[in-house]
Amino acid sequence: MSDGGVSVILRAGDYESAHYALALAAAALAVNKPAVLFFTMSGIRALQGRPPALENWQRDAENRERGVGDYETLLEACVELGGRFIVCEMGLRSLDIDAASLRDDVPFTVAGIVTLLEETKPGMHLVSL
């Protein structure tokens with residue numbers, strides 16, 4: 001049985017949801033708990049481009065000015081600390097997004113809901129944003 005950790009489903013395409021998903025995952029990883037980030041539907045935008053095509057992106061600069069961890073810092077922390085990134089195959093097909101158009105600095109796997117459920121071990125929390 002897993003000793004905690006989190007699996008986060010990011011299906012919204014807004015900055016606040018993406019930022020909070022990364023914050024949750026980074027916090028779990030920082031205390032040596034597993035973290036799975038599952039990007040689906042509009043949430044896939046969080047991995048498109050620099051900056052990503054997220055609604056309310058200007059909030060990132062505001063967060064930085066206020067001393068809140070910014071998007072890139074949180075994303076890099078999740079990558080460096082070994083977070084598991086899954087991009088939903090159904091979401092890619094539904095929105096006609098080519099996986100090759102996603103960021104190449106994030107080690108993601110294209111898979112589905114079954115993989116997400118398999119990666120969410122007993123004792124882990126499943127959160128949807």
# chains A, B, ... in the order shown; residues from 1 in each chain; ligands from 1

$ residues_around --residues "stretch 98-107 of chain A" --least-positions-apart "6" --cutoff "12 Å" --atoms "only C-alpha atoms" --output "PDB file with N, CA and C atoms, in the first residue's frame"
ATOM      1  N   LEU A  37       0.532  13.394 -12.773  1.00  0.00           N
ATOM      2  CA  LEU A  37      -0.209  14.479 -13.411  1.00  0.00           C
ATOM      3  C   LEU A  37      -0.798  13.949 -14.701  1.00  0.00           C
ATOM      4  N   PHE A  39      -2.992  14.963 -17.863  1.00  0.00           N
ATOM      5  CA  PHE A  39      -3.478  16.102 -18.648  1.00  0.00           C
ATOM      6  C   PHE A  39      -4.479  15.611 -19.683  1.00  0.00           C
ATOM      7  N   THR A  40      -5.696  16.136 -19.622  1.00  0.00           N
ATOM      8  CA  THR A  40      -6.715  15.735 -20.579  1.00  0.00           C
ATOM      9  C   THR A  40      -7.529  16.941 -21.029  1.00  0.00           C
ATOM     10  N   ILE A  44      -4.646  19.819 -21.520  1.00  0.00           N
ATOM     11  CA  ILE A  44      -3.473  19.511 -22.351  1.00  0.00           C
ATOM     12  C   ILE A  44      -2.761  20.798 -22.761  1.00  0.00           C
ATOM     13  N   ARG A  45      -3.503  21.904 -22.833  1.00  0.00           N
ATOM     14  CA  ARG A  45      -2.905  23.200 -23.196  1.00  0.00           C
ATOM     15  C   ARG A  45      -1.768  23.586 -22.260  1.00  0.00           C
ATOM     16  N   ALA A  46      -1.785  23.067 -21.045  1.00  0.00           N
ATOM     17  CA  ALA A  46      -0.733  23.378 -20.081  1.00  0.00           C
ATOM     18  C   ALA A  46       0.640  22.908 -20.547  1.00  0.00           C
ATOM     19  N   LEU A  47       0.661  22.001 -21.513  1.00  0.00           N
ATOM     20  CA  LEU A  47       1.938  21.501 -22.052  1.00  0.00           C
ATOM     21  C   LEU A  47       2.184  21.975 -23.478  1.00  0.00           C
ATOM     22  N   GLN A  48       1.404  22.943 -23.926  1.00  0.00           N
ATOM     23  CA  GLN A  48       1.580  23.494 -25.270  1.00  0.00           C
ATOM     24  C   GLN A  48       2.262  24.849 -25.191  1.00  0.00           C
ATOM     25  N   GLY A  49       3.462  24.919 -25.699  1.00  0.00           N
ATOM     26  CA  GLY A  49       4.147  26.200 -25.847  1.00  0.00           C
ATOM     27  C   GLY A  49       4.709  26.796 -24.580  1.00  0.00           C
ATOM     28  N   ARG A  50       5.477  27.842 -24.824  1.00  0.00           N
ATOM     29  CA  ARG A  50       6.094  28.637 -23.757  1.00  0.00           C
ATOM     30  C   ARG A  50       5.840  30.086 -24.071  1.00  0.00           C
ATOM     31  N   PRO A  51       4.925  30.770 -23.456  1.00  0.00           N
ATOM     32  CA  PRO A  51       4.066  30.265 -22.393  1.00  0.00           C
ATOM     33  C   PRO A  51       2.953  29.371 -22.934  1.00  0.00           C
ATOM     34  N   PRO A  52       2.384  28.552 -22.081  1.00  0.00           N
ATOM     35  CA  PRO A  52       1.288  27.695 -22.536  1.00  0.00           C
ATOM     36  C   PRO A  52       0.042  28.513 -22.857  1.00  0.00           C
ATOM     37  N   ALA A  53      -0.817  27.934 -23.670  1.00  0.00           N
ATOM     38  CA  ALA A  53      -2.039  28.619 -24.110  1.00  0.00           C
ATOM     39  C   ALA A  53      -3.147  28.481 -23.074  1.00  0.00           C
ATOM     40  N   GLU A  72       6.651  27.951 -14.459  1.00  0.00           N
ATOM     41  CA  GLU A  72       7.861  27.237 -14.903  1.00  0.00           C
ATOM     42  C   GLU A  72       8.623  26.636 -13.736  1.00  0.00           C
ATOM     43  N   LEU A  75       6.676  23.543 -12.664  1.00  0.00           N
ATOM     44  CA  LEU A  75       6.801  22.494 -13.670  1.00  0.00           C
ATOM     45  C   LEU A  75       8.188  21.849 -13.616  1.00  0.00           C
ATOM     46  N   GLU A  76       9.222  22.676 -13.546  1.00  0.00           N
ATOM     47  CA  GLU A  76      10.594  22.152 -13.458  1.00  0.00           C
ATOM     48  C   GLU A  76      10.779  21.308 -12.201  1.00  0.00           C
ATOM     49  N   ALA A  77      10.196  21.741 -11.082  1.00  0.00           N
ATOM     50  CA  ALA A  77      10.310  20.969  -9.836  1.00  0.00           C
ATOM     51  C   ALA A  77       9.668  19.599 -10.004  1.00  0.00           C
ATOM     52  N   CYS A  78       8.496  19.564 -10.631  1.00  0.00           N
ATOM     53  CA  CYS A  78       7.813  18.282 -10.840  1.00  0.00           C
ATOM     54  C   CYS A  78       8.640  17.350 -11.719  1.00  0.00           C
ATOM     55  N   VAL A  79       9.263  17.896 -12.746  1.00  0.00           N
ATOM     56  CA  VAL A  79      10.109  17.091 -13.631  1.00  0.00           C
ATOM     57  C   VAL A  79      11.331  16.592 -12.861  1.00  0.00           C
ATOM     58  N   GLU A  80      12.038  17.512 -12.200  1.00  0.00           N
ATOM     59  CA  GLU A  80      13.284  17.169 -11.504  1.00  0.00           C
ATOM     60  C   GLU A  80      13.072  16.208 -10.340  1.00  0.00           C
ATOM     61  N   LEU A  81      11.916  16.308  -9.689  1.00  0.00           N
ATOM     62  CA  LEU A  81      11.654  15.449  -8.527  1.00  0.00           C
ATOM     63  C   LEU A  81      11.006  14.116  -8.909  1.00  0.00           C
ATOM     64  N   GLY A  82      10.837  13.885 -10.207  1.00  0.00           N
ATOM     65  CA  GLY A  82      10.375  12.579 -10.666  1.00  0.00           C
ATOM     66  C   GLY A  82       8.879  12.402 -10.778  1.00  0.00           C
ATOM     67  N   GLY A  83       8.155  13.486 -10.973  1.00  0.00           N
ATOM     68  CA  GLY A  83       6.714  13.367 -11.182  1.00  0.00           C
ATOM     69  C   GLY A  83       6.410  12.572 -12.442  1.00  0.00           C
ATOM     70  N   ARG A  84       5.290  11.901 -12.433  1.00  0.00           N
ATOM     71  CA  ARG A  84       4.854  11.097 -13.586  1.00  0.00           C
ATOM     72  C   ARG A  84       3.857  11.921 -14.378  1.00  0.00           C
ATOM     73  N   PHE A  85       4.146  12.167 -15.653  1.00  0.00           N
ATOM     74  CA  PHE A  85       3.304  12.958 -16.535  1.00  0.00           C
ATOM     75  C   PHE A  85       2.631  12.050 -17.556  1.00  0.00           C
ATOM     76  N   ILE A  86       1.309  12.109 -17.598  1.00  0.00           N
ATOM     77  CA  ILE A  86       0.541  11.331 -18.573  1.00  0.00           C
ATOM     78  C   ILE A  86      -0.345  12.300 -19.346  1.00  0.00           C
ATOM     79  N   VAL A  87      -0.289  12.200 -20.671  1.00  0.00           N
ATOM     80  CA  VAL A  87      -1.185  12.983 -21.529  1.00  0.00           C
ATOM     81  C   VAL A  87      -2.220  12.016 -22.085  1.00  0.00           C
ATOM     82  N   CYS A  88      -3.474  12.374 -21.917  1.00  0.00           N
ATOM     83  CA  CYS A  88      -4.584  11.505 -22.283  1.00  0.00           C
ATOM     84  C   CYS A  88      -4.722  11.364 -23.804  1.00  0.00           C
ATOM     85  N   GLU A  89      -4.652  10.130 -24.252  1.00  0.00           N
ATOM     86  CA  GLU A  89      -4.797   9.852 -25.689  1.00  0.00           C
ATOM     87  C   GLU A  89      -6.170  10.284 -26.194  1.00  0.00           C
ATOM     88  N   MET A  90      -7.210  10.042 -25.425  1.00  0.00           N
ATOM     89  CA  MET A  90      -8.556  10.439 -25.822  1.00  0.00           C
ATOM     90  C   MET A  90      -8.651  11.962 -25.953  1.00  0.00           C
ATOM     91  N   GLY A  91      -8.053  12.688 -25.007  1.00  0.00           N
ATOM     92  CA  GLY A  91      -8.061  14.143 -25.062  1.00  0.00           C
ATOM     93  C   GLY A  91      -7.333  14.672 -26.286  1.00  0.00           C
ATOM     94  N   LEU A  92      -6.199  14.064 -26.610  1.00  0.00           N
ATOM     95  CA  LEU A  92      -5.459  14.471 -27.808  1.00  0.00           C
ATOM     96  C   LEU A  92      -6.315  14.285 -29.060  1.00  0.00           C
TER      97      LEU A  92
END

$ select_by_dssp --residues "chain A" --states "helix (DSSP H, G or I)" --output "number ranges by chain"
A: 15-30, 41-47, 59-65, 71-80, 89-94, 99-101, 113-119

$ residues_around --residues "A:Leu116" --least-positions-apart "5" --cutoff "8 Å" --atoms "only C-alpha atoms" --output "PyMOL selection string"
chain A and resi 7+36+38+86+111

$ closest_residue --among "A:Leu24, A:Met124, A:Leu129, A:Ile113" --to "A:Asp3" --atoms "only C-alpha atoms"
A:Met124

$ residues_around --residues "A:Gly69" --least-positions-apart "4" --cutoff "9 Å" --atoms "only C-alpha atoms" --output "list of chain:residue names"
A:His19, A:Ala23, A:Asp60, A:Asn63, A:Arg64, A:Thr73, A:Leu74

$ closest_residue --among "A:Gly5, A:Gly112, A:Gly67, A:Gly43" --to "A:Ala30" --atoms "only C-alpha atoms"
A:Gly5

$ closest_residue --among "A:Lys33, A:Leu117, A:Trp57, A:Pro122" --to "A:Ile9" --atoms "only C-alpha atoms"
A:Leu117

$ select_by_dssp --residues "chain A" --states "strand (DSSP E or B)" --output "VMD selection string"
chain A and resid 6 to 10 14 35 to 39 55 84 to 88 108 to 111 125 to 128
